[in-house]
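Chemist: Take a look at this one; I'll ask things after.
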Number of protein chains: 2
Amino acid sequence: MRTSENKFDLVILNGTVVTMNQAFDVIKDAAVAIKDEHIALVCPTKELPDDWTARQTIDATDAIIIPGLINAHTHVPHSLLRGVGDGLPLERWLSEAIFPIERACVDEDFVKVGARLSIIEMLLGGTTTFADMFFYEHAIAQEADTLGIRAVLGETVMDFPTPDAPEGVRQGLSLAEKFIDEWKGHDRITPAVAPHAPYTCAPETIRASRDLAYKTQTPVLIHLSETKHEVDQILKKYGATPIHYVAREGLFDVKVLAAHVVHPQSGELALLQEKNAGIAHCPRSNMNLASGAAPIRRMLDKNLRLGLGTDGAASCPTTNLFEEMGTAARLAKLHHERADVVSAREIFAMGTIGGARALGMEERLGSIEPGKLADIVVVDTGSSSLEHAPIYDIYAHLVYSTAEARDTIVGGMLVVRDKRVLTIDWQRLRRQVREQSDRITLVAK
Amino acid sequence: MRTSENKFDLVILNGTVVTMNQAFDVIKDAAVAIKDEHIALVCPTKELPDDWTARQTIDATDAIIIPGLINAHTHVPHSLLRGVGDGLPLERWLSEAIFPIERACVDEDFVKVGARLSIIEMLLGGTTTFADMFFYEHAIAQEADTLGIRAVLGETVMDFPTPDAPEGVRQGLSLAEKFIDEWKGHDRITPAVAPHAPYTCAPETIRASRDLAYKTQTPVLIHLSETKHEVDQILKKYGATPIHYVAREGLFDVKVLAAHVVHPQSGELALLQEKNAGIAHCPRSNMNLASGAAPIRRMLDKNLRLGLGTDGAASCPTTNLFEEMGTAARLAKLHHERADVVSAREIFAMGTIGGARALGMEERLGSIEPGKLADIVVVDTGSSSLEHAPIYDIYAHLVYSTAEARDTIVGGMLVVRDKRVLTIDWQRLRRQVREQSDRITLVAK
């Protein structure tokens with residue numbers, strides 16, 4: 001019995017473990033042992049049981065072992081639109097650049113190739129879970145499944161024809177239902193429904209999305225209160241500010257993950273708190289599109305379920321969550337005119353356990369603790385990253401000076417090893433990206 | 001004769017050349033030929049003379065060839081203080097964290113090891129020239145010389161005892177003069193004097209610095225108008241806002257490079273324009289220390305000599321200028337609440353030819369043109385960076401999606417090849433960094 005208990009699939013050794021457990025334990029010279037897809041043991045390396053064996057070991061000497069990062073809001077196919085419409089404000093960026101290209105170019109192949117690009121960028125950047133809103137979400141599910149990442153995927157519905165629902169919102173909702181039925185129960189993919197935003201979804205669309213999520217016990221992903229313009233527009237149209245508007249239509253009866261929340265109005269943060277809603281803060285996108293700065297100090301003080309998202313690569317322009325964490329810290333300091341307004345540890349929590357809470361998955365993800373899923377990243381601090389040395393504050397190092405993972409493990413599977421994604425054919429991907437970008441260039445001109 | 005004309009030291013082939021010349025020419029499938037330390041030829045690869053030969057060639061297929069980036073403001077030894085005092089506002093950060101450690105730990109060894117770390121970080125990040133303000137600047141000059149980077153180095157003077165001038169400002173000024181005498185005429189190192197800031201330099205120190213710069217025909221580096229607090233303090237103390245204050249003391253009689261300029265007051269930008277002063281905009285540092293957002297749109301409209309600086313790694317926290325460019329764009333968009341307030345090309349110009357203008361070196365640096373110094377960087381866009389593909393707008397790609405150089409060439413010498421610095425002993429550096437950080441940790445606690 002004892003022998004079989006101490007047989008592990010993978011053991012990571014000799015690293016500094018940043019657990020992000022409730023006590024924020026940081027354990028030096030430590031090991032993480034993985035069995036099946038879960039974390040079995042976290043302890044100083046020398047306290048591993050004498051008779052331990054593993055099918056594979058990873059030496060993390062001169063490395064930091066962290067929970068896999070969680071990108072709580074993105075649109076993975078947007079990697080194919082990187083740099084398109086640069087310099088336009090949100091409304092014009094959508095109406096003049098993004099929507100026309102989406103109408104002309106977005107099909108299943110586009111979605112697959114774009115998803116592939118973003119997913120490998122995320123894996124190399126230490127992200128092990130992402131939340132997505134797009135069309136043909138079943139194709140994204142296939143890519144995420146194949147490449148080995150974890151994902152919450154929301155099929156987008158809105159009140160006008162979309163690439164995969166040209167007949168309108170009813171078709172979109174039935175696609176969403178079909179997608180949820182197909183993928184529900186997968187160990188790494190959580191299907192969801194994604195009413196796009198208050199300004200693209202009438203009350204009946206919000207209610208129908210809520211009903212679908214309730215019936216299938218899946219989450220809802222939505223953009224909320226991203227710009228001042230949206231707040232004014234929704235107030236005028238529906239007599240309520242965006243978060244109050246969707247609340248009135250009953251959206252918070254189900255689990256909601258709200259992206260952006262840059263301009264919450266009176267009572268809206270309290271409402272999100274009461275309803276256990278998650279928030280995906282997207283500082284780089286909000287800066288790029290001149291949307292504003294979300295009041296994250298107030299959100300943290302209310303202990304809201306606050307995660308970080310990169311948004312799509314069309315507005316961000318990378319899906320690297322390390323970069324997002326650095327920007328989140330700097331934007332908060334600038335916005336509040338206080339350099340001590342947020343700590344590096346609070347920001348790192350937003351990228352890990354906070355993201356898990358935003359997704360409602362904090363029982364399974366977001367920290368390195370026995371029993372949780374083995375989503376783990378090893379960050380090199382040895383010679384190959386010596387230019388970023390020395391390290392006095394491990395959280396500041398992770399938030400400000402780290403850019404990439406050395407090894408990325410999702411559900412116990414090694415997906416990135418020595419900064420190489422193991423699950424991709426680079427030459428084929430290169431050809432596919434060329435084909436897609438040639439098509440897009442024709443439309444964008 | 002013709003044969004010898006077409007014998008080059010180094011030819012970079014088959015890349016897309018972003019020249020940053022006045023016409024902003026971008027040349028596809030192009031070559032850059034280098035002879036001695038200068039650029040001899042820039043043309044489509046197929047238009048190279050038939051009889052060309054080179055001692056070395058670099059294939060830049062699937063790569064972009066850009067002018068070396070210019071980091072117009074940093075404190076290279078601060079790499080050893082990365083993350084120290086994180087979360088403090090500027091005044092307390094200086095008085096409680098940085099100055100005490102500097103007093104206790106800064107000696108020639110500290111400066112050398114810290115300089116080494118920052119310089120390799122800059123070279124790997126595509127920076128070929130940096131402007132520095134610190135103590136023991138002669139030691140930094142030695143490091144820059146050995147490692148192969150180009151630098152403008154200002155020995156810092158201020159009105160209280162410093163690590164290398166414990167007797168005060170007179171000693172500091174005489175050290176500065178000695179340093180300038182020793183290094184003047186070096187092909188890559190430009191010595192300078194650096195009165196620290198209006199709040200640390202009385203009128204006589206400003207004037208003495210000006211006199212020294214005038215006598216030795218060297219530039220002056222100074223921090224100017226970094227915080228609102230500084231503006232209020234200097235107005236109260238000297239009856240003039242910071243830029244007017246140093247102008248009154250005659251500082252602009254010589255070439256000045258002003259770091260930060262976050263809070264220029266009435267008439268001060270016009271004054272910088274009239275005096276041909278350079279500005280080093282440091283957006284990440286200004287955000288980290290909650291100093292504010294510099295009005296770069298107004299600076300660009302006045303055609304000021306506007307470059308970009310990372311500031312020291314203690315406040316920034318990396319000296320990577322690619323990251324600084326992305327933040328510069330995002331901060332401007334947020335600050336002006338206009339996503340189209342600045343173009344990616346304008347930002348890339350700030351990191352190249354704008355930095356050269358800020359240093360007063362635009363005749364020799366900042367663009368890829370025959371006759372200029374061969375400071376050139378090759379950025380990979382092939383399989384190893386495929387996650388950032390595709391590229392529609394080359395400037396947006398460089399500003400937003402690029403993080404590192406593949407090859408870095410300074411004055412015709414290859415210093416980074418395939419993302420490896422050729423001029424460093426990593427194991428020795430690792431030991432040295434450990435020794436220094438052990439010392440610092442004792443003081444910081």
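Chain labels A, B, ... are given in the sequence in which chains occur in the structure tokens; within each chain residues are numbered consecutively from 1, and ligands are likewise numbered from 1 in the order shown.
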As JSON, numbers by chain, please: the residues near Gly172 of chain A (cut-off 8 Å, only C-alpha atoms, same-chain neighbours under 6 positions excluded).
Modeler: {"A": [156, 157, 158, 162, 164, 165]}
Chemist: For chain B, work out the contacting residues on chain A at 7 Å, counting only C-alpha atoms, and write them as a ChimeraX atom specification.
Modeler: /A:80,82-84,87-89,117-118,120-121,287-290,292,317-318,330-331,333-334,337-340,343,383,387,390,392-393,396-397,400-401,426,433,437
Chemist: Excluding Leu147 of chain A and residues on its chain fewer than 6 positions from it, collect all residues at most 10 Å away from it, counting only C-alpha atoms, and give them as an mmCIF file with C-alpha atoms, in the first residue's frame.
Modeler:
```
data_model
loop_
_atom_site.group_PDB
_atom_site.id
_atom_site.type_symbol
_atom_site.label_atom_id
_atom_site.label_comp_id
_atom_site.auth_asym_id
_atom_site.auth_seq_id
_atom_site.Cartn_x
_atom_site.Cartn_y
_atom_site.Cartn_z
ATOM 1 C CA ARG A 116 -3.699 27.634 -32.028
ATOM 2 C CA ILE A 119 -2.911 28.973 -27.074
ATOM 3 C CA ILE A 120 0.779 28.360 -27.757
ATOM 4 C CA LEU A 123 1.331 28.116 -22.758
ATOM 5 C CA ALA A 141 -12.624 23.479 -27.779
ATOM 6 C CA VAL A 415 2.882 20.700 -22.348
ATOM 7 C CA VAL A 421 5.514 23.640 -26.828
ATOM 8 C CA LEU A 422 5.498 19.852 -27.189
ATOM 9 C CA THR A 423 2.107 19.581 -28.872
ATOM 10 C CA ILE A 424 2.537 21.600 -32.075
#
```
Chemist: Identify, on the basis of only C-alpha atoms, every residue whose closest approach to segment 303-310 of chain A does not exceed 7 Å; exclude the query and any residue fewer than 3 positions from it along the same chain; express the result as a list in words.
Modeler: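 Everything that qualifies: Asn71, Ala72, His73, Thr74, Gln273, Ala277, Gly278, Ile279, Ala280, His281, Cys282, Arg284, Ser285, Met299, Leu300, Cys316, Thr319, Leu321, Glu324, Met350, Gly351, Gly354, Gly355, Arg357 and Ala358 of chain A.
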Chemist: Fewer than 5 positions away in the same chain doesn't count, so skip those; otherwise give me all residues within 8 Å of Ile243 of chain B, counting only C-alpha atoms, as a list of chain:residue names.
Modeler: B:Leu224, B:Ser225, B:Pro264, B:Glu268
Chemist: Given the selection you just returned, output its residues as a file containing N, CA and C atoms, formatted as a PDB file, in the first residue's frame.
Modeler:
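Below is the file part30.pdb, written as the result:
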```
ATOM      1  N   LEU B 224      14.214  66.213 -14.527  1.00  0.00           N
ATOM      2  CA  LEU B 224      13.490  67.486 -14.504  1.00  0.00           C
ATOM      3  C   LEU B 224      11.983  67.277 -14.483  1.00  0.00           C
ATOM      4  N   SER B 225      11.331  67.911 -13.530  1.00  0.00           N
ATOM      5  CA  SER B 225       9.873  67.965 -13.478  1.00  0.00           C
ATOM      6  C   SER B 225       9.252  66.567 -13.471  1.00  0.00           C
ATOM      7  N   PRO B 264       5.451  69.512 -17.072  1.00  0.00           N
ATOM      8  CA  PRO B 264       5.942  70.807 -17.549  1.00  0.00           C
ATOM      9  C   PRO B 264       4.877  71.874 -17.301  1.00  0.00           C
ATOM     10  N   GLU B 268       7.235  75.990 -20.378  1.00  0.00           N
ATOM     11  CA  GLU B 268       8.430  75.158 -20.215  1.00  0.00           C
ATOM     12  C   GLU B 268       8.717  74.263 -21.429  1.00  0.00           C
TER      13      GLU B 268
END
```
Chemist: So which residues of segment 43-197 of chain A fall under helix (DSSP H, G or I) by DSSP, listed as a PyMOL selection string?
Modeler: chain A and resi 45-47+76-81+90-105+108-124+137-147+169-183
Chemist: Give me, as a list in words, all polymer residues having an atom no more than 8 Å from Ile64 of chain A, counting only C-alpha atoms and skipping those fewer than 5 positions away in the same chain.
Modeler: Gly15, Thr16, Val17, Val18, Val378, Val379, Asp380 and Thr381 of chain A
Chemist: Write the selection just made, keeping C-alpha atoms, as a CSV table (one decimal), in the first residue's frame?
Modeler:
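What ended up in result.csv:
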```csv
chain,number,residue,atom,x,y,z
A,15,GLY,CA,12.5,24.7,-6.5
A,16,THR,CA,11.0,27.5,-4.6
A,17,VAL,CA,7.2,26.8,-4.5
A,18,VAL,CA,4.9,29.9,-4.4
A,378,VAL,CA,8.2,26.4,-13.6
A,379,VAL,CA,9.9,29.8,-14.1
A,380,ASP,CA,13.6,29.8,-14.7
A,381,THR,CA,15.8,32.1,-12.6
```
Chemist: Taking only segment 341-436 of chain B into account, list the residues labelled strand (DSSP E or B) by DSSP (computed from the backbone), as a list in words.
Modeler: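 Strand (DSSP E or B) assignments inside segment 341-436 of chain B correspond to Leu373, Ile376, Val377, Val378, Val379, Asp380, Asp407, Thr408, Ile409, Val410, Met413, Leu414, Val415, Val416, Arg417, Arg420 and Val421 of chain B.
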Chemist: Mind writing the picked residues with C-alpha atoms as a compact mmCIF listing (two decimals), in the first residue's frame?
Modeler:
```txt
# COMPACT_ATOMS: atom_id res chain seq x y z
CA LEU B 373 27.22 54.08 -37.25
CA ILE B 376 21.68 47.41 -35.85
CA VAL B 377 19.31 44.84 -34.41
CA VAL B 378 17.79 41.78 -36.06
CA VAL B 379 14.36 40.74 -34.74
CA ASP B 380 13.23 37.20 -35.46
CA ASP B 407 21.19 39.60 -33.06
CA THR B 408 22.56 42.91 -31.79
CA ILE B 409 25.34 44.78 -33.57
CA VAL B 410 27.07 47.85 -32.13
CA MET B 413 30.55 44.41 -33.93
CA LEU B 414 28.27 41.45 -33.31
CA VAL B 415 27.53 41.50 -29.56
CA VAL B 416 24.41 39.30 -29.37
CA ARG B 417 24.05 36.31 -31.71
CA ARG B 420 23.18 35.00 -26.57
CA VAL B 421 25.48 37.78 -25.38
```
Chemist: Residues at most 8 Å from Val152 of chain A, counting only C-alpha atoms, excluding those fewer than 5 positions away in the same chain, as a list in words?
Modeler: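 Close residues of Val152 of chain A: Thr129, Phe130, Ala131, Asp132, Ile189, Thr190, Pro191 and Ala192 of chain A.
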Chemist: Output N, CA and C atoms for every residue in that selection, as a PDB file, in the first residue's frame.
Modeler:
```
ATOM      1  N   THR A 129      -4.945  28.048 -17.957  1.00  0.00           N
ATOM      2  CA  THR A 129      -6.406  28.110 -18.130  1.00  0.00           C
ATOM      3  C   THR A 129      -6.767  29.446 -18.770  1.00  0.00           C
ATOM      4  N   PHE A 130      -7.697  29.415 -19.715  1.00  0.00           N
ATOM      5  CA  PHE A 130      -8.180  30.687 -20.252  1.00  0.00           C
ATOM      6  C   PHE A 130      -9.692  30.647 -20.413  1.00  0.00           C
ATOM      7  N   ALA A 131     -10.298  31.830 -20.353  1.00  0.00           N
ATOM      8  CA  ALA A 131     -11.736  31.976 -20.612  1.00  0.00           C
ATOM      9  C   ALA A 131     -11.889  32.740 -21.923  1.00  0.00           C
ATOM     10  N   ASP A 132     -12.711  32.224 -22.799  1.00  0.00           N
ATOM     11  CA  ASP A 132     -12.803  32.767 -24.162  1.00  0.00           C
ATOM     12  C   ASP A 132     -14.241  33.089 -24.541  1.00  0.00           C
ATOM     13  N   ILE A 189     -12.267  21.084 -20.555  1.00  0.00           N
ATOM     14  CA  ILE A 189     -13.048  22.111 -21.264  1.00  0.00           C
ATOM     15  C   ILE A 189     -14.391  22.323 -20.559  1.00  0.00           C
ATOM     16  N   THR A 190     -14.672  23.565 -20.186  1.00  0.00           N
ATOM     17  CA  THR A 190     -15.974  23.911 -19.621  1.00  0.00           C
ATOM     18  C   THR A 190     -16.715  24.770 -20.638  1.00  0.00           C
ATOM     19  N   PRO A 191     -17.767  24.250 -21.257  1.00  0.00           N
ATOM     20  CA  PRO A 191     -18.506  25.069 -22.235  1.00  0.00           C
ATOM     21  C   PRO A 191     -19.406  26.070 -21.510  1.00  0.00           C
ATOM     22  N   ALA A 192     -19.695  27.172 -22.194  1.00  0.00           N
ATOM     23  CA  ALA A 192     -20.494  28.236 -21.583  1.00  0.00           C
ATOM     24  C   ALA A 192     -21.222  29.009 -22.676  1.00  0.00           C
TER      25      ALA A 192
END
```
Chemist: Any idea what the distance is between atom CA of Ala259 of chain A and atom CA of Gly366 of chain A?
Modeler: 18.6 Å
